[in-house]
Amino acid sequence: GNSVTQMEGPVTLSEEAFLTINCTYTATGYPSLFWYVQYPGEGLQLLLKATKADDKGSNKGFEATYRKETTSFHLEKGSVQVSDSAVYFCALSGAAGNKLTFGGGTRVLVKP
Amino acid sequence: DAGVIQSPRHEVTEMGQEVTLRCKPISGHNSLFWYRQTMMRGLELLIYFNNNVPIDDSGMPEDRFSAKMPNASFSTLKIQPSEPRDSAVYFCASSLAARNTGELFFGEGSRLTVL
């Protein structure tokens with residue numbers, strides 16, 4: 001079956017530091033890949049997505065590239081802000097439409 | 001526009017009591033998902049509906065859990081009887097199935113504590 005593995009947190013870094021969160025997946029076929037973000041006390045919201053190999057998703061300074069050869073979709077941001085403190089989830093969708101498989105989440109804490 | 005609305009936001013109950021969580025999806029969305037989030041197990045899909053019909057309930061932990069969607073604008077998740085290990089945040093999410101974009105819209109969650 002489908003599965004998503006992402007690095008465990010928490011990840012603690014200073015403002016303006018570079019952020020990378022690793023995500024790898026196992027899936028049959030050609031899934032779409034997503035990053036969702038959960039701010040404290042809120043539900044998840046879509047951050048970015050990529051629907052085919054070599055696509056790059058980007059939003060709010062975050063980027064992730066769909067790498068089929070390494071089955072990865074790592075999330076990066078060049079200069080984080082305190083407001084980026086949240087839990088980040090990598091996810092994939094398979095053939096069953098919008099049914100998503102989520103990774104375990106990575107908590108990121110950005111200190112001033 | 002109103003997002004996904006869940007109630008109650010917080011529920012504290014005693015073991016053995018019945019718990020009912022409610023969800024109103026975004027108007028026009030025809031897929032609805034119930035997720036459970038815990039520190040130990042992360043985010044788990046419990047069940048999802050398309051056009052009010054349950055499609056996959058393989059994530060429902062046991063017979064104590066049941067979910068219904070009597071119409072396009074309302075769903076419930078019921079736990080009877082509740083147990084302390086059911087303590088978690090329960091999220092409802094909705095989407096437009098035809099779009100098949102993978103974008104789910106989540107509610108703010110219902111935090112359940114079973115004593």
# chains A, B, ... in the order shown; residues from 1 in each chain; ligands from 1
>>> select_by_dssp(residues="chain A", states="strand (DSSP E or B)", output="PyMOL selection string")
chain A and resi 3-6+11-14+19-21+23-26+32-38+44-50+56-59+62-65+67+72+75-77+86-93+100-102+106-111
>>> residues_around(residues="region 74-88 of chain A", least_positions_apart="5", cutoff="7 Å", atoms="only C-alpha atoms", output="ChimeraX atom specification")
/A:15-23,35-40,61-65,105-112
>>> closest_atom_pairs(of="chain A", to="chain B", cutoff="7 Å", atoms="only C-alpha atoms", output="Markdown table")
| residue | atom | partner | partner_atom | distance |
| --- | --- | --- | --- | --- |
| A:Glu42 | CA | B:Glu108 | CA | 4.9 |
| A:Gly43 | CA | B:Glu108 | CA | 4.4 |
| A:Leu44 | CA | B:Phe106 | CA | 5.7 |
| A:Gln45 | CA | B:Phe105 | CA | 6.6 |
| A:Leu46 | CA | B:Glu103 | CA | 6.5 |
| A:Ser93 | CA | B:Gly102 | CA | 6.2 |
| A:Gly97 | CA | B:Asn100 | CA | 5.1 |
| A:Asn98 | CA | B:Gly102 | CA | 4.5 |
| A:Leu100 | CA | B:Gly102 | CA | 6.9 |
| A:Phe102 | CA | B:Leu43 | CA | 6.8 |
| A:Gly104 | CA | B:Gly42 | CA | 5.2 |
>>> write_last_selection(atoms="all heavy atoms", output="short mmCIF file (atom, residue, chain, number, x, y, z; two decimals), in the first residue's frame")
data_model
loop_
_atom_site.label_atom_id
_atom_site.label_comp_id
_atom_site.auth_asym_id
_atom_site.auth_seq_id
_atom_site.Cartn_x
_atom_site.Cartn_y
_atom_site.Cartn_z
N GLU A 42 -5.19 24.89 14.87
CA GLU A 42 -5.96 24.93 13.63
C GLU A 42 -5.95 23.59 12.91
O GLU A 42 -5.19 22.69 13.25
CB GLU A 42 -5.40 26.01 12.70
CG GLU A 42 -5.45 27.40 13.27
CD GLU A 42 -4.94 28.44 12.28
OE1 GLU A 42 -4.72 28.09 11.10
OE2 GLU A 42 -4.76 29.60 12.70
N GLY A 43 -6.79 23.48 11.91
CA GLY A 43 -6.76 22.31 11.05
C GLY A 43 -5.65 22.43 10.01
O GLY A 43 -4.97 23.46 9.91
N LEU A 44 -5.46 21.38 9.26
CA LEU A 44 -4.44 21.39 8.22
C LEU A 44 -4.90 22.24 7.04
O LEU A 44 -6.10 22.32 6.75
CB LEU A 44 -4.16 19.97 7.72
CG LEU A 44 -3.29 19.07 8.57
CD1 LEU A 44 -3.99 18.63 9.84
CD2 LEU A 44 -2.84 17.84 7.77
N GLN A 45 -3.93 22.84 6.36
CA GLN A 45 -4.25 23.55 5.13
C GLN A 45 -3.17 23.25 4.10
O GLN A 45 -2.01 23.06 4.44
CB GLN A 45 -4.39 25.05 5.36
CG GLN A 45 -3.21 25.71 6.03
CD GLN A 45 -3.49 27.17 6.36
OE1 GLN A 45 -3.35 28.04 5.51
NE2 GLN A 45 -3.90 27.43 7.59
N LEU A 46 -3.59 23.22 2.85
CA LEU A 46 -2.67 22.89 1.79
C LEU A 46 -1.62 23.99 1.64
O LEU A 46 -1.95 25.17 1.54
CB LEU A 46 -3.43 22.72 0.46
CG LEU A 46 -2.59 22.37 -0.76
CD1 LEU A 46 -1.94 21.00 -0.60
CD2 LEU A 46 -3.45 22.40 -2.03
N SER A 93 -1.65 11.32 -2.85
CA SER A 93 -2.96 10.81 -3.25
C SER A 93 -2.76 9.76 -4.31
O SER A 93 -1.94 9.91 -5.21
CB SER A 93 -3.86 11.92 -3.78
OG SER A 93 -3.42 12.37 -5.02
N GLY A 97 -8.93 9.16 -5.99
CA GLY A 97 -9.30 10.56 -5.91
C GLY A 97 -8.62 11.31 -4.80
O GLY A 97 -7.40 11.31 -4.68
N ASN A 98 -9.40 11.95 -3.96
CA ASN A 98 -8.84 12.83 -2.95
C ASN A 98 -8.52 12.13 -1.65
O ASN A 98 -8.27 12.78 -0.66
CB ASN A 98 -9.82 13.99 -2.70
CG ASN A 98 -9.87 14.93 -3.88
OD1 ASN A 98 -8.92 15.03 -4.64
ND2 ASN A 98 -10.98 15.61 -4.04
N LEU A 100 -6.14 10.89 0.82
CA LEU A 100 -4.73 11.17 1.02
C LEU A 100 -4.13 10.26 2.07
O LEU A 100 -4.77 9.90 3.05
CB LEU A 100 -4.53 12.62 1.48
CG LEU A 100 -4.98 13.72 0.52
CD1 LEU A 100 -4.65 15.08 1.09
CD2 LEU A 100 -4.34 13.54 -0.84
N PHE A 102 -1.06 10.46 4.72
CA PHE A 102 -0.20 11.46 5.34
C PHE A 102 0.99 10.83 6.01
O PHE A 102 0.93 9.71 6.54
CB PHE A 102 -0.98 12.25 6.40
CG PHE A 102 -1.96 13.25 5.86
CD1 PHE A 102 -3.28 12.88 5.61
CD2 PHE A 102 -1.56 14.55 5.58
CE1 PHE A 102 -4.18 13.81 5.11
CE2 PHE A 102 -2.45 15.47 5.08
CZ PHE A 102 -3.77 15.11 4.83
N GLY A 104 3.88 11.33 9.17
CA GLY A 104 3.67 11.52 10.60
C GLY A 104 3.73 12.97 11.07
O GLY A 104 3.40 13.27 12.22
#
>>> atom_distance(atom1="CA of Leu33 (chain A)", atom2="CA of Ala91 (chain A)")
5.8 Å
>>> closest_residue(among="A:Lys52, A:Arg67, A:Lys60, A:Lys99", to="Asn2 (chain A)", atoms="only C-alpha atoms")
A:Lys99
>>> atom_distance(atom1="CA of Ser58 (chain A)", atom2="CA of Pro25 (chain B)")
27.0 Å
>>> atom_distance(atom1="CA of Cys23 (chain B)", atom2="CA of Ala88 (chain B)")
16.1 Å
>>> residues_around(residues="Gly59 (chain B)", least_positions_apart="2", cutoff="6 Å", atoms="only C-alpha atoms", output="list in words")
Leu45, Leu46, Asp57 and Pro61 of chain B
>>> write_last_selection(atoms="N, CA and C atoms", output="PDB file, in the first residue's frame")
ATOM      1  N   LEU B  45      -6.772   8.329   8.809  1.00  0.00           N
ATOM      2  CA  LEU B  45      -8.068   8.426   8.137  1.00  0.00           C
ATOM      3  C   LEU B  45      -8.995   7.368   8.717  1.00  0.00           C
ATOM      4  N   LEU B  46     -10.137   7.811   9.223  1.00  0.00           N
ATOM      5  CA  LEU B  46     -11.095   6.877   9.795  1.00  0.00           C
ATOM      6  C   LEU B  46     -12.084   6.379   8.738  1.00  0.00           C
ATOM      7  N   ASP B  57     -14.268   2.596   5.045  1.00  0.00           N
ATOM      8  CA  ASP B  57     -14.299   2.741   6.508  1.00  0.00           C
ATOM      9  C   ASP B  57     -13.264   1.838   7.157  1.00  0.00           C
ATOM     10  N   PRO B  61     -11.629   2.260  13.958  1.00  0.00           N
ATOM     11  CA  PRO B  61     -10.899   1.351  14.841  1.00  0.00           C
ATOM     12  C   PRO B  61     -11.695   0.121  15.270  1.00  0.00           C
TER      13      PRO B  61
END
>>> residues_around(residues="Tyr30 (chain A)", least_positions_apart="5", cutoff="10 Å", atoms="only C-alpha atoms", output="ChimeraX atom specification")
/A:51-53,68,92-95
>>> write_last_selection(atoms="N, CA, C and O atoms", output="compact mmCIF listing (two decimals), in the first residue's frame")
# COMPACT_ATOMS: atom_id res chain seq x y z
N THR A 51 1.96 17.42 -9.19
CA THR A 51 1.14 16.34 -9.70
C THR A 51 1.88 15.35 -10.60
O THR A 51 1.35 14.28 -10.91
N LYS A 52 3.10 15.70 -11.02
CA LYS A 52 3.84 14.75 -11.83
C LYS A 52 5.34 14.95 -11.63
O LYS A 52 5.79 15.96 -11.08
N ALA A 53 6.09 13.96 -12.08
CA ALA A 53 7.54 13.97 -11.87
C ALA A 53 8.18 15.24 -12.40
O ALA A 53 7.80 15.74 -13.46
N LYS A 68 10.84 11.51 -8.88
CA LYS A 68 10.37 10.14 -9.03
C LYS A 68 11.51 9.14 -8.83
O LYS A 68 11.33 8.06 -8.28
N LEU A 92 0.38 12.02 0.01
CA LEU A 92 0.21 11.63 -1.39
C LEU A 92 -1.22 11.18 -1.62
O LEU A 92 -1.90 10.73 -0.70
N SER A 93 -1.65 11.32 -2.85
CA SER A 93 -2.96 10.81 -3.25
C SER A 93 -2.76 9.76 -4.31
O SER A 93 -1.94 9.91 -5.21
N GLY A 94 -3.52 8.69 -4.15
CA GLY A 94 -3.40 7.61 -5.10
C GLY A 94 -4.51 7.66 -6.13
O GLY A 94 -5.04 8.71 -6.44
N ALA A 95 -4.89 6.48 -6.57
CA ALA A 95 -5.91 6.41 -7.62
C ALA A 95 -7.28 6.80 -7.10
O ALA A 95 -8.13 7.25 -7.86
